[in-house]
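As provided, target.txt (compact mmCIF, C-alpha atoms and all ligand atoms) reads as follows.
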# COMPACT_ATOMS: atom_id res chain seq x y z
CA MET H 1 33.62 -19.68 23.13
CA LYS H 2 33.16 -16.17 21.78
CA GLY H 3 32.31 -13.18 23.94
CA PHE H 4 31.94 -9.43 23.63
CA ALA H 5 34.46 -7.84 25.96
CA MET H 6 35.94 -4.71 27.44
CA LEU H 7 39.50 -4.93 26.06
CA LYS H 8 40.69 -1.99 28.17
CA ILE H 9 39.26 1.37 29.24
CA GLY H 10 37.50 2.88 26.23
CA GLU H 11 37.84 -0.19 23.99
CA VAL H 12 35.52 -3.12 23.30
CA GLY H 13 35.58 -6.07 20.88
CA TRP H 14 34.94 -9.76 20.30
CA ILE H 15 37.33 -12.24 21.95
CA GLU H 16 37.71 -16.02 22.27
CA LYS H 17 37.93 -17.60 25.74
CA GLU H 18 37.80 -21.02 27.36
CA ARG H 19 34.31 -22.06 28.43
CA PRO H 20 34.04 -21.48 32.23
CA ILE H 21 34.35 -24.45 34.59
CA CYS H 22 31.37 -25.45 36.72
CA GLY H 23 32.10 -25.83 40.46
CA PRO H 24 30.00 -28.16 42.66
CA MET H 25 27.47 -25.45 43.59
CA ASP H 26 27.55 -23.57 40.30
CA ALA H 27 25.79 -23.52 36.95
CA ILE H 28 26.91 -22.85 33.40
CA CYS H 29 24.25 -21.09 31.35
CA ARG H 30 23.75 -19.87 27.79
CA PRO H 31 22.01 -16.51 27.39
CA LEU H 32 18.58 -16.39 25.72
CA ALA H 33 18.54 -12.59 25.68
CA ILE H 34 20.75 -9.89 27.13
CA ALA H 35 20.20 -6.20 27.87
CA ILE H 36 22.75 -3.40 27.79
CA CYS H 37 23.10 -1.18 30.84
CA THR H 38 24.22 2.39 31.50
CA SER H 39 26.61 0.77 33.99
CA ASP H 40 28.42 -0.87 31.03
CA VAL H 41 29.00 2.63 29.68
CA HIS H 42 30.42 3.82 33.03
CA THR H 43 32.59 0.71 33.24
CA VAL H 44 34.00 0.81 29.72
CA TRP H 45 34.29 4.49 28.88
CA GLU H 46 34.76 6.02 32.32
CA GLY H 47 36.80 3.16 33.76
CA ALA H 48 34.62 3.70 36.81
CA VAL H 49 35.45 0.40 38.56
CA GLY H 50 39.07 0.46 37.39
CA ASP H 51 40.83 -0.95 34.37
CA ARG H 52 39.70 -4.35 33.11
CA HIS H 53 41.37 -6.33 30.34
CA ASN H 54 39.52 -8.76 28.07
CA MET H 55 36.60 -8.97 30.48
CA ILE H 56 33.39 -10.20 28.86
CA LEU H 57 30.64 -7.62 29.38
CA GLY H 58 27.01 -8.06 30.38
CA HIS H 59 25.15 -8.48 33.64
CA GLU H 60 21.52 -8.38 32.50
CA GLY H 61 19.78 -11.28 30.82
CA CYS H 62 17.89 -14.52 31.03
CA ALA H 63 19.30 -17.89 30.16
CA GLU H 64 19.04 -21.63 29.73
CA VAL H 65 20.99 -23.83 32.13
CA VAL H 66 23.44 -26.12 30.30
CA GLU H 67 25.34 -27.67 33.21
CA VAL H 68 25.05 -27.79 37.01
CA GLY H 69 27.46 -28.86 39.75
CA GLU H 70 26.90 -32.00 41.81
CA CYS H 71 25.54 -30.05 44.84
CA VAL H 72 22.92 -28.07 42.92
CA LYS H 73 19.45 -29.25 43.94
CA ASP H 74 16.84 -27.11 42.21
CA PHE H 75 18.12 -26.53 38.68
CA LYS H 76 19.01 -28.85 35.81
CA PRO H 77 20.16 -28.52 32.20
CA GLY H 78 17.37 -27.17 30.01
CA ASP H 79 15.78 -24.98 32.73
CA ARG H 80 15.01 -21.40 31.70
CA VAL H 81 16.17 -18.99 34.37
CA LEU H 82 16.11 -15.38 35.51
CA VAL H 83 19.63 -14.15 36.30
CA PRO H 84 20.19 -11.33 38.80
CA ALA H 85 22.94 -8.82 38.03
CA ILE H 86 24.16 -9.33 41.59
CA THR H 87 25.05 -12.91 42.57
CA PRO H 88 26.24 -12.88 46.20
CA ASP H 89 28.14 -15.58 48.06
CA TRP H 90 25.36 -16.46 50.45
CA ASN H 91 27.59 -18.01 53.09
CA SER H 92 29.73 -14.86 53.46
CA LEU H 93 29.79 -12.79 56.63
CA GLU H 94 28.55 -9.76 54.72
CA ALA H 95 25.49 -11.73 53.58
CA GLN H 96 24.90 -12.87 57.15
CA GLY H 97 25.09 -9.22 58.18
CA GLY H 98 22.33 -8.30 55.73
CA TYR H 99 24.48 -6.83 52.97
CA SER H 100 24.83 -9.72 50.54
CA MET H 101 25.57 -7.35 47.66
CA HIS H 102 28.91 -6.62 49.36
CA SER H 103 29.78 -10.27 49.97
CA GLY H 104 33.56 -10.52 49.83
CA GLY H 105 34.10 -6.73 49.94
CA MET H 106 32.72 -3.47 48.60
CA LEU H 107 30.31 -4.19 45.69
CA ALA H 108 31.80 -7.70 45.39
CA GLY H 109 28.39 -9.36 45.02
CA TRP H 110 28.43 -7.69 41.62
CA LYS H 111 30.54 -10.26 39.83
CA PHE H 112 29.37 -10.29 36.19
CA SER H 113 31.32 -7.79 34.10
CA ASN H 114 33.09 -6.50 37.19
CA PHE H 115 35.11 -9.27 38.87
CA LYS H 116 34.49 -12.02 36.31
CA ASP H 117 33.22 -12.52 32.78
CA GLY H 118 29.63 -11.51 32.16
CA LEU H 119 26.68 -12.69 30.09
CA ASP H 120 27.58 -11.44 26.61
CA SER H 121 29.10 -14.76 25.60
CA GLU H 122 28.07 -18.22 24.47
CA PHE H 123 28.34 -19.56 28.02
CA PHE H 124 28.61 -17.89 31.41
CA HIS H 125 29.22 -19.05 34.96
CA VAL H 126 26.83 -18.54 37.90
CA ASN H 127 28.12 -19.04 41.45
CA ASP H 128 25.79 -20.61 44.03
CA ALA H 129 23.13 -21.57 41.47
CA ASP H 130 20.49 -22.55 44.05
CA GLY H 131 20.92 -19.22 45.82
CA ASN H 132 21.10 -16.98 42.80
CA LEU H 133 19.08 -18.31 39.85
CA ALA H 134 15.28 -18.30 39.68
CA HIS H 135 13.01 -20.32 37.44
CA MET H 136 11.61 -18.11 34.70
CA PRO H 137 7.80 -17.91 34.88
CA GLU H 138 6.32 -19.44 31.71
CA ASN H 139 4.30 -16.36 30.79
CA ILE H 140 7.28 -13.98 30.82
CA ASN H 141 9.02 -13.47 27.48
CA THR H 142 12.81 -13.30 27.26
CA VAL H 143 12.89 -9.54 26.59
CA ASP H 144 10.83 -8.68 29.67
CA ALA H 145 12.85 -11.20 31.69
CA CYS H 146 15.99 -9.13 31.03
CA MET H 147 14.43 -6.19 32.90
CA LEU H 148 14.31 -8.32 36.04
CA SER H 149 18.10 -8.68 36.24
CA ASP H 150 18.82 -5.08 37.16
CA MET H 151 16.30 -2.40 36.15
CA VAL H 152 13.44 -3.57 38.35
CA PRO H 153 15.56 -4.54 41.39
CA THR H 154 17.69 -1.39 41.21
CA GLY H 155 14.82 1.02 40.67
CA PHE H 156 12.86 -0.65 43.47
CA HIS H 157 15.90 -0.59 45.75
CA GLY H 158 15.99 3.19 45.37
CA VAL H 159 12.44 3.19 46.74
CA GLU H 160 13.50 0.97 49.64
CA LEU H 161 16.53 3.11 50.44
CA ALA H 162 14.42 6.28 50.44
CA ASP H 163 11.91 4.37 52.60
CA VAL H 164 8.85 5.59 50.70
CA GLN H 165 5.71 5.46 52.85
CA PHE H 166 1.98 5.83 52.09
CA GLY H 167 1.20 9.43 51.19
CA ASP H 168 4.80 10.58 50.72
CA GLU H 169 5.67 13.24 48.20
CA VAL H 170 8.56 11.77 46.26
CA LEU H 171 11.11 13.30 43.90
CA VAL H 172 12.68 10.87 41.42
CA ILE H 173 15.81 12.38 39.86
CA GLY H 174 16.47 10.59 36.58
CA ILE H 175 13.89 8.68 34.57
CA GLY H 176 16.01 6.39 32.44
CA PRO H 177 15.01 2.73 32.88
CA VAL H 178 16.26 2.67 36.49
CA GLY H 179 14.41 5.84 37.52
CA LEU H 180 11.30 4.61 35.71
CA MET H 181 11.29 1.55 37.91
CA SER H 182 11.74 3.85 40.93
CA VAL H 183 8.65 5.75 39.80
CA ALA H 184 6.76 2.45 39.45
CA GLY H 185 7.96 1.27 42.86
CA ALA H 186 7.13 4.56 44.61
CA HIS H 187 3.67 4.44 43.04
CA MET H 188 3.16 0.86 44.27
CA ARG H 189 4.29 1.88 47.75
CA GLY H 190 1.58 4.56 47.92
CA ALA H 191 3.33 7.84 47.17
CA SER H 192 0.73 10.62 47.01
CA ARG H 193 2.74 12.71 44.57
CA ILE H 194 5.64 11.80 42.31
CA ILE H 195 7.73 14.56 40.75
CA ALA H 196 10.10 13.22 38.09
CA VAL H 197 13.27 14.80 36.68
CA GLY H 198 14.26 14.02 33.08
CA THR H 199 13.79 15.31 29.56
CA ARG H 200 13.82 12.50 26.97
CA PRO H 201 10.20 12.43 25.63
CA LYS H 202 10.05 8.63 25.52
CA CYS H 203 11.07 8.47 29.20
CA VAL H 204 8.60 11.20 30.18
CA GLU H 205 5.83 9.26 28.45
CA ALA H 206 6.83 6.06 30.25
CA ALA H 207 7.12 7.88 33.60
CA LYS H 208 3.50 9.03 33.23
CA PHE H 209 2.52 5.43 32.54
CA TYR H 210 4.29 4.31 35.75
CA GLY H 211 2.67 6.97 37.92
CA ALA H 212 4.67 10.23 37.77
CA ASP H 213 2.43 13.26 38.30
CA GLU H 214 4.66 16.20 37.44
CA PHE H 215 7.93 16.80 35.62
CA ILE H 216 10.99 18.95 36.03
CA SER H 217 13.77 19.54 33.54
CA TYR H 218 17.23 19.87 35.08
CA LYS H 219 18.02 21.97 32.02
CA ASN H 220 15.54 24.71 33.06
CA GLY H 221 17.17 26.00 36.25
CA THR H 222 18.06 24.14 39.40
CA ILE H 223 16.04 21.14 40.50
CA GLU H 224 15.64 22.49 44.04
CA GLU H 225 14.23 25.83 42.92
CA GLN H 226 11.60 24.06 40.87
CA VAL H 227 10.77 21.56 43.62
CA LEU H 228 10.47 24.26 46.28
CA GLU H 229 8.19 26.28 44.05
CA MET H 230 5.99 23.24 43.40
CA THR H 231 5.77 22.35 47.09
CA GLY H 232 5.08 25.80 48.55
CA GLY H 233 8.68 26.09 49.80
CA LYS H 234 8.45 22.90 51.92
CA GLY H 235 10.25 20.34 49.78
CA VAL H 236 9.48 16.65 49.40
CA ASP H 237 9.48 13.77 51.91
CA LYS H 238 11.76 11.47 49.92
CA VAL H 239 14.22 11.71 47.03
CA ILE H 240 15.38 8.84 44.84
CA ILE H 241 18.48 9.57 42.76
CA ALA H 242 18.70 7.53 39.56
CA GLY H 243 20.59 9.96 37.35
CA GLY H 244 22.80 13.04 37.39
CA THR H 245 26.28 13.52 38.84
CA VAL H 246 28.10 14.01 42.14
CA ASP H 247 26.56 17.50 42.18
CA THR H 248 23.02 16.10 42.20
CA PHE H 249 23.26 15.47 45.98
CA ASP H 250 23.33 19.22 46.52
CA SER H 251 19.94 19.56 44.79
CA ALA H 252 18.57 16.48 46.52
CA VAL H 253 19.41 17.75 50.01
CA LYS H 254 17.99 21.19 49.19
CA SER H 255 14.76 19.63 47.83
CA LEU H 256 14.14 17.58 50.97
CA LYS H 257 12.08 18.34 54.09
CA PRO H 258 13.77 17.97 57.50
CA GLY H 259 13.68 14.30 58.42
CA GLY H 260 13.57 13.29 54.77
CA LYS H 261 15.53 10.50 53.15
CA ILE H 262 17.58 10.25 49.97
CA GLY H 263 18.02 6.86 48.33
CA ASN H 264 20.75 6.86 45.70
CA VAL H 265 21.13 4.08 43.14
CA ASN H 266 22.99 6.18 40.61
CA TYR H 267 26.44 4.81 39.67
CA LEU H 268 28.74 7.79 40.10
CA GLY H 269 31.19 7.17 37.30
CA SER H 270 33.32 10.28 37.79
CA GLY H 271 34.17 13.05 40.25
CA ASP H 272 36.04 12.79 43.55
CA MET H 273 33.81 14.29 46.21
CA ILE H 274 30.13 14.58 47.00
CA SER H 275 29.35 17.78 48.84
CA ILE H 276 26.44 18.30 51.20
CA PRO H 277 25.05 21.84 51.52
CA ARG H 278 25.66 22.86 55.14
CA VAL H 279 22.67 25.15 55.73
CA GLU H 280 20.07 22.99 53.98
CA TRP H 281 21.42 19.96 55.85
CA GLY H 282 20.19 21.75 58.95
CA VAL H 283 23.73 22.92 59.79
CA GLY H 284 24.38 19.27 60.59
CA MET H 285 21.15 18.71 62.54
CA GLY H 286 18.41 18.41 59.92
CA HIS H 287 17.76 14.66 60.21
CA LYS H 288 18.18 14.35 56.45
CA GLN H 289 19.50 10.87 55.65
CA ILE H 290 21.50 9.90 52.57
CA VAL H 291 21.90 6.22 51.68
CA GLY H 292 23.37 4.81 48.50
CA GLY H 293 23.13 1.17 47.60
CA LEU H 294 23.83 -1.54 45.09
CA MET H 295 20.74 -3.62 44.27
CA PRO H 296 20.21 -6.79 46.28
CA GLY H 297 20.45 -9.89 44.11
CA GLY H 298 19.75 -13.53 44.70
CA ARG H 299 17.00 -16.01 44.05
CA LEU H 300 14.30 -14.88 46.48
CA ARG H 301 14.45 -11.35 45.13
CA MET H 302 14.25 -12.64 41.55
CA GLU H 303 11.32 -14.93 42.35
CA LYS H 304 9.36 -12.15 44.06
CA LEU H 305 10.00 -9.54 41.36
CA GLY H 306 9.34 -12.18 38.67
CA ALA H 307 5.98 -12.85 40.33
CA LEU H 308 5.09 -9.14 40.07
CA VAL H 309 5.65 -9.30 36.31
CA SER H 310 4.04 -12.69 35.73
CA SER H 311 0.94 -11.69 37.72
CA GLY H 312 0.52 -8.58 35.58
CA LYS H 313 1.00 -6.18 38.51
CA LEU H 314 4.12 -4.72 36.88
CA ASP H 315 4.35 -4.21 33.12
CA VAL H 316 7.99 -3.84 32.07
CA SER H 317 7.28 -3.97 28.33
CA PRO H 318 7.58 -0.17 27.78
CA LEU H 319 11.27 -0.31 28.79
CA ALA H 320 12.68 -2.34 25.88
CA THR H 321 12.44 0.24 23.10
CA HIS H 322 15.12 -1.35 20.88
CA VAL H 323 15.04 -5.12 20.42
CA PHE H 324 17.62 -6.79 18.18
CA ASP H 325 17.95 -10.38 17.03
CA GLY H 326 21.35 -12.03 17.00
CA TRP H 327 24.88 -11.80 18.41
CA ASP H 328 26.08 -9.37 15.76
CA TYR H 329 23.93 -6.61 17.24
CA ILE H 330 25.59 -6.51 20.66
CA PRO H 331 28.16 -3.82 19.71
CA GLU H 332 25.43 -1.67 18.15
CA ALA H 333 23.23 -2.04 21.22
CA LEU H 334 26.10 -0.97 23.49
CA GLN H 335 26.85 2.03 21.28
CA LEU H 336 23.17 3.02 21.47
CA MET H 337 23.33 3.00 25.26
CA LYS H 338 26.39 5.21 25.10
CA ASP H 339 24.79 7.66 22.64
CA LYS H 340 21.35 7.72 24.35
CA PRO H 341 19.24 8.84 21.40
CA ALA H 342 15.97 10.54 22.38
CA GLU H 343 13.77 7.54 21.59
CA LEU H 344 15.86 5.03 23.57
CA ILE H 345 15.02 3.60 26.95
CA LYS H 346 16.69 0.18 26.89
CA PRO H 347 18.28 -1.99 24.18
CA VAL H 348 17.87 -5.76 24.31
CA VAL H 349 19.47 -8.42 22.10
CA LYS H 350 17.68 -11.75 21.65
CA LEU H 351 20.04 -14.70 21.25
CA ASP H 352 17.81 -17.81 21.17
P1 LIG H 401 19.95 6.82 31.94
O1 LIG H 401 21.17 7.50 31.47
O2 LIG H 401 19.08 6.14 30.94
O3 LIG H 401 19.03 7.89 32.70
C1 LIG H 401 19.57 8.90 33.46
C2 LIG H 401 18.47 9.90 33.81
O4 LIG H 401 19.07 10.97 34.54
C3 LIG H 401 17.78 10.50 32.61
O5 LIG H 401 16.42 10.70 32.90
C4 LIG H 401 18.49 11.84 32.46
O6 LIG H 401 17.69 12.82 31.85
C5 LIG H 401 18.73 12.19 33.91
N1 LIG H 401 19.83 13.14 34.08
C6 LIG H 401 20.95 13.26 33.33
N2 LIG H 401 21.73 14.26 33.80
C7 LIG H 401 21.07 14.79 34.84
C8 LIG H 401 21.35 15.86 35.73
N3 LIG H 401 22.47 16.58 35.64
N4 LIG H 401 20.47 16.11 36.72
C9 LIG H 401 19.36 15.36 36.84
N5 LIG H 401 19.01 14.35 36.03
C10 LIG H 401 19.88 14.06 35.03
O7 LIG H 401 20.41 5.82 33.07
P2 LIG H 401 19.78 4.45 33.65
O8 LIG H 401 18.37 4.68 34.06
O9 LIG H 401 20.08 3.34 32.71
O10 LIG H 401 20.69 4.26 34.93
C11 LIG H 401 20.70 5.22 35.97
C12 LIG H 401 21.91 5.03 36.85
O11 LIG H 401 21.78 3.86 37.66
C13 LIG H 401 23.21 4.83 36.06
O12 LIG H 401 24.23 5.59 36.66
C14 LIG H 401 23.46 3.36 36.21
O13 LIG H 401 24.81 3.03 36.03
C15 LIG H 401 22.99 3.15 37.61
N6 LIG H 401 22.75 1.77 38.03
C16 LIG H 401 22.91 1.46 39.35
C17 LIG H 401 22.69 0.18 39.82
C18 LIG H 401 22.71 -0.12 41.28
O14 LIG H 401 22.59 -1.29 41.67
N7 LIG H 401 22.83 0.85 42.16
C19 LIG H 401 22.40 -0.89 38.88
C20 LIG H 401 22.13 -0.45 37.53
C21 LIG H 401 22.33 0.83 37.12
P3 LIG H 401 17.41 12.91 30.26
O15 LIG H 401 16.00 12.46 30.09
O16 LIG H 401 17.59 14.35 29.96
O17 LIG H 401 18.39 12.05 29.56
ZN ZN H 402 22.73 -3.06 34.67

Could you express the structure from this file as structure tokens?
Ligand code: NDP
Ligand code: ZN
Amino acid sequence: MKGFAMLKIGEVGWIEKERPICGPMDAICRPLAIAICTSDVHTVWEGAVGDRHNMILGHEGCAEVVEVGECVKDFKPGDRVLVPAITPDWNSLEAQGGYSMHSGGMLAGWKFSNFKDGLDSEFFHVNDADGNLAHMPENINTVDACMLSDMVPTGFHGVELADVQFGDEVLVIGIGPVGLMSVAGAHMRGASRIIAVGTRPKCVEAAKFYGADEFISYKNGTIEEQVLEMTGGKGVDKVIIAGGTVDTFDSAVKSLKPGGKIGNVNYLGSGDMISIPRVEWGVGMGHKQIVGGLMPGGRLRMEKLGALVSSGKLDVSPLATHVFDGWDYIPEALQLMKDKPAELIKPVVKLD
């Protein structure tokens, strides 16, 4: 089978590989559509998870099942499925401890295009099919379905990590597709005020659609100065980080009220240390919490988030700004994600 792969750090290309083998609990699927992720850019060009050779890329997409193992109960060839970017081993101790995304070790629930071949190929392998796949609701199209793999669950996880409560004032740093879903999630959770950080006009427009009230440009002075001015010197209750660098934590801590929480879902592709400002962290006693997390995956999560889209409560259609048709466009779509032109939010390639 053919696949589009990371050949080594900084290099991508088409390769031929053997079709994956289906274990008793697994499924083999063929992608119906795939989306490109900023994480692919970190992985390929920053080597952020380490060097990988001839690893097929892609962890966002929807698919048709072509084969299932003998123990799979709920899926059969021909089923159309949502595929989470994170596919934990549900019988692992980490999953039993509540952190399925780290099943088998740090970030090891993230298998596609990290520890094994991903979705950008004619066929791909899904471990624990009953635990990880979800039936695709009939009224969701394949492009929108791609947003359920990673953008919706990751953006929403930022909201969970920051523990957004009714009436909270929330700062969302970064309004690419992930941050946009954090804005949408914070709005759904009852934030009274959402301040968003980002400059691309298309993203600002979408952030307004999802419920952002005010905007800050990180290019016009520090984020914390602007937040403190907007909040009468008090700061916000919660911060979600979905963009920026290792230095963004400094601004986040300074923008936060005592007792506030920071939920980070940004993939820190470079830099060695994250520093916390001593004074604004209450000289160690400010009750300001910082949590960073990989999105939870799995079937239940996919079914619930899929229901939000199929019921019309969450409209993900503004995210896919660039939709291509056919395998040949995968390299172009990846390059777009690397270049981030002003009008781009998310590129999707239809393959059915
Ligand atoms: P984008 O690059 O599309 O968006 C990044 C956002 O951050 C943009 O709004 C950008 O502003 C803003 N930004 C850039 N630099 C700064 C800065 N110095 N300070 C503040 N804001 C800044 O990324 P995505 O939305 O696609 O992804 C966001 C992150 O989430 C990525 O790192 C991605 O790898 C990660 N991720 C994490 C996952 C998880 O499970 N935890 C899963 C999937 C993705 P501008 O408008 O100016 O471009
Ligand atoms: Zn992704």

Report task. Select all residues near (7.4, 19.9, 52.3) (cut-off 10 Å, inclusive, file coordinates), counting all atoms listed in the file, and output them as an MDAnalysis selection string. Result -> chainID H and resid 168:169 227:228 230:238 255:258 260

Report task. Pick out the closest residue to Val309 in chain H from this set: H:Met147, H:Val81, H:Ala48, H:Ser217. Count all atoms listed in the file. Result -> H:Met147

Requested in this report: Could I get the residue neighbourhood of ligand ZN 402 (chain H) at 12 Å, counting all atoms listed in the file, as a ChimeraX atom specification?
Outcome: /H:34-43,57-61,83-86,110-114,118-119,146-155,176-178,265-267,294-295,297,334,337,346-348

Produce the centre coordinates and the three edge lengths, each in Å to one decimal, of the box along x, y and z that contains all listed atoms of ligand LIG 401 (chain H) with 8 Å added on each side, as JSON.
{"center_x": 20.4, "center_y": 7.6, "center_z": 35.9, "size_x": 24.8, "size_y": 33.9, "size_z": 28.6}

Report task. Would you list the contacts of range 136-145 of chain H as JSON, numbers by chain, taking every protein, DNA or RNA residue within 12 Å and counting all atoms listed in the file, but skipping same-chain residues closer than 6 positions in sequence? Result -> {"H": [31, 32, 33, 34, 35, 36, 60, 61, 62, 63, 64, 65, 75, 78, 79, 80, 81, 82, 83, 84, 151, 152, 299, 302, 303, 304, 305, 306, 307, 308, 309, 310, 311, 312, 314, 315, 316, 317, 318, 319, 320, 321, 322, 323, 324, 325, 346, 347, 348, 349, 350, 351, 352]}

Report summary line: Judged by only C-alpha atoms, the minimum distance to Lys208 in chain H among H:Leu133, H:Val68, H:Ala184, H:Val279 is found for H:Ala184

Query raised in the report: Taking into account only C-alpha atoms and all ligand atoms, which residue in the set H:Ile276, H:Met188, H:Val12, H:Leu171 is nearest to ligand LIG 401 (chain H)?
Result: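 Counting only C-alpha atoms and all ligand atoms, the residue closest to ligand LIG 401 (chain H) is H:Leu171.
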
Report summary line: Residue with the minimum atom-to-atom distance to Gly259 in chain H, picked from H:Gly167, H:Gly282, H:Gly97, H:Gly198 with all atoms listed in the file counted, is H:Gly282

Query raised in the report: Which distance in Å separates CA of Leu268 in chain H and CA of Ile240 in chain H, to one decimal?
Result: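 So the answer is 14.2 Å.
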
Query - Residues within 8 Å of (10.9, 18.3, 40.0), counting only C-alpha atoms, listed as a list in words - result: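 In the file's frame, the residues around the point are Leu171, Val172, Ile173, Ile195, Ala196, Val197, Glu214, Phe215, Ile216, Ser217, Ile223, Glu224, Gln226, Val227 and Met230 of chain H.
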
Report summary line: Counting all atoms listed in the file, the residue among H:Gly286, H:Gly263, H:Gly243, H:Gly292 that lies closest to ligand LIG 401 (chain H) is H:Gly243

Requested in this report: Rounded to one decimal place, report the CA of Ser121 in chain H-atom C13 of ligand LIG 401 (chain H) distance in Å.
Outcome: 23.0 Å

Report task. List the neighbours of His102 in chain H out to 10 Å using all atoms listed in the file; skip same-chain residues closer than 4 positions along the sequence, and give me the result as an NGL selection string. Result -> :H and (86 or 88-89 or 92-95 or 97-98 or 106-110 or 293-294 or 296)

Report task. Calculate how many Å separate CA of Lys202 in chain H from atom O5 of ligand LIG 401 (chain H), rounding to one decimal. Result ->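 The value is 10.0 Å.
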
Requested in this report: Name the closest residue to ligand LIG 401 (chain H) among the candidates H:Arg193, H:Lys2, H:Arg30, H:His157; distances are taken between atoms, counting all atoms listed in the file.
Outcome: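 Distance minimum relative to ligand LIG 401 (chain H) lands on H:His157.
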
**Report entry** Contact residues around Asp250 in chain H with only C-alpha atoms at 12 Å, ignoring same-chain residues under 5 positions, as JSON, numbers by chain
**Finding:** {"H": [222, 223, 224, 225, 239, 241, 244, 245, 255, 256, 262, 273, 274, 275, 276, 277, 278, 279, 280, 281, 290]}
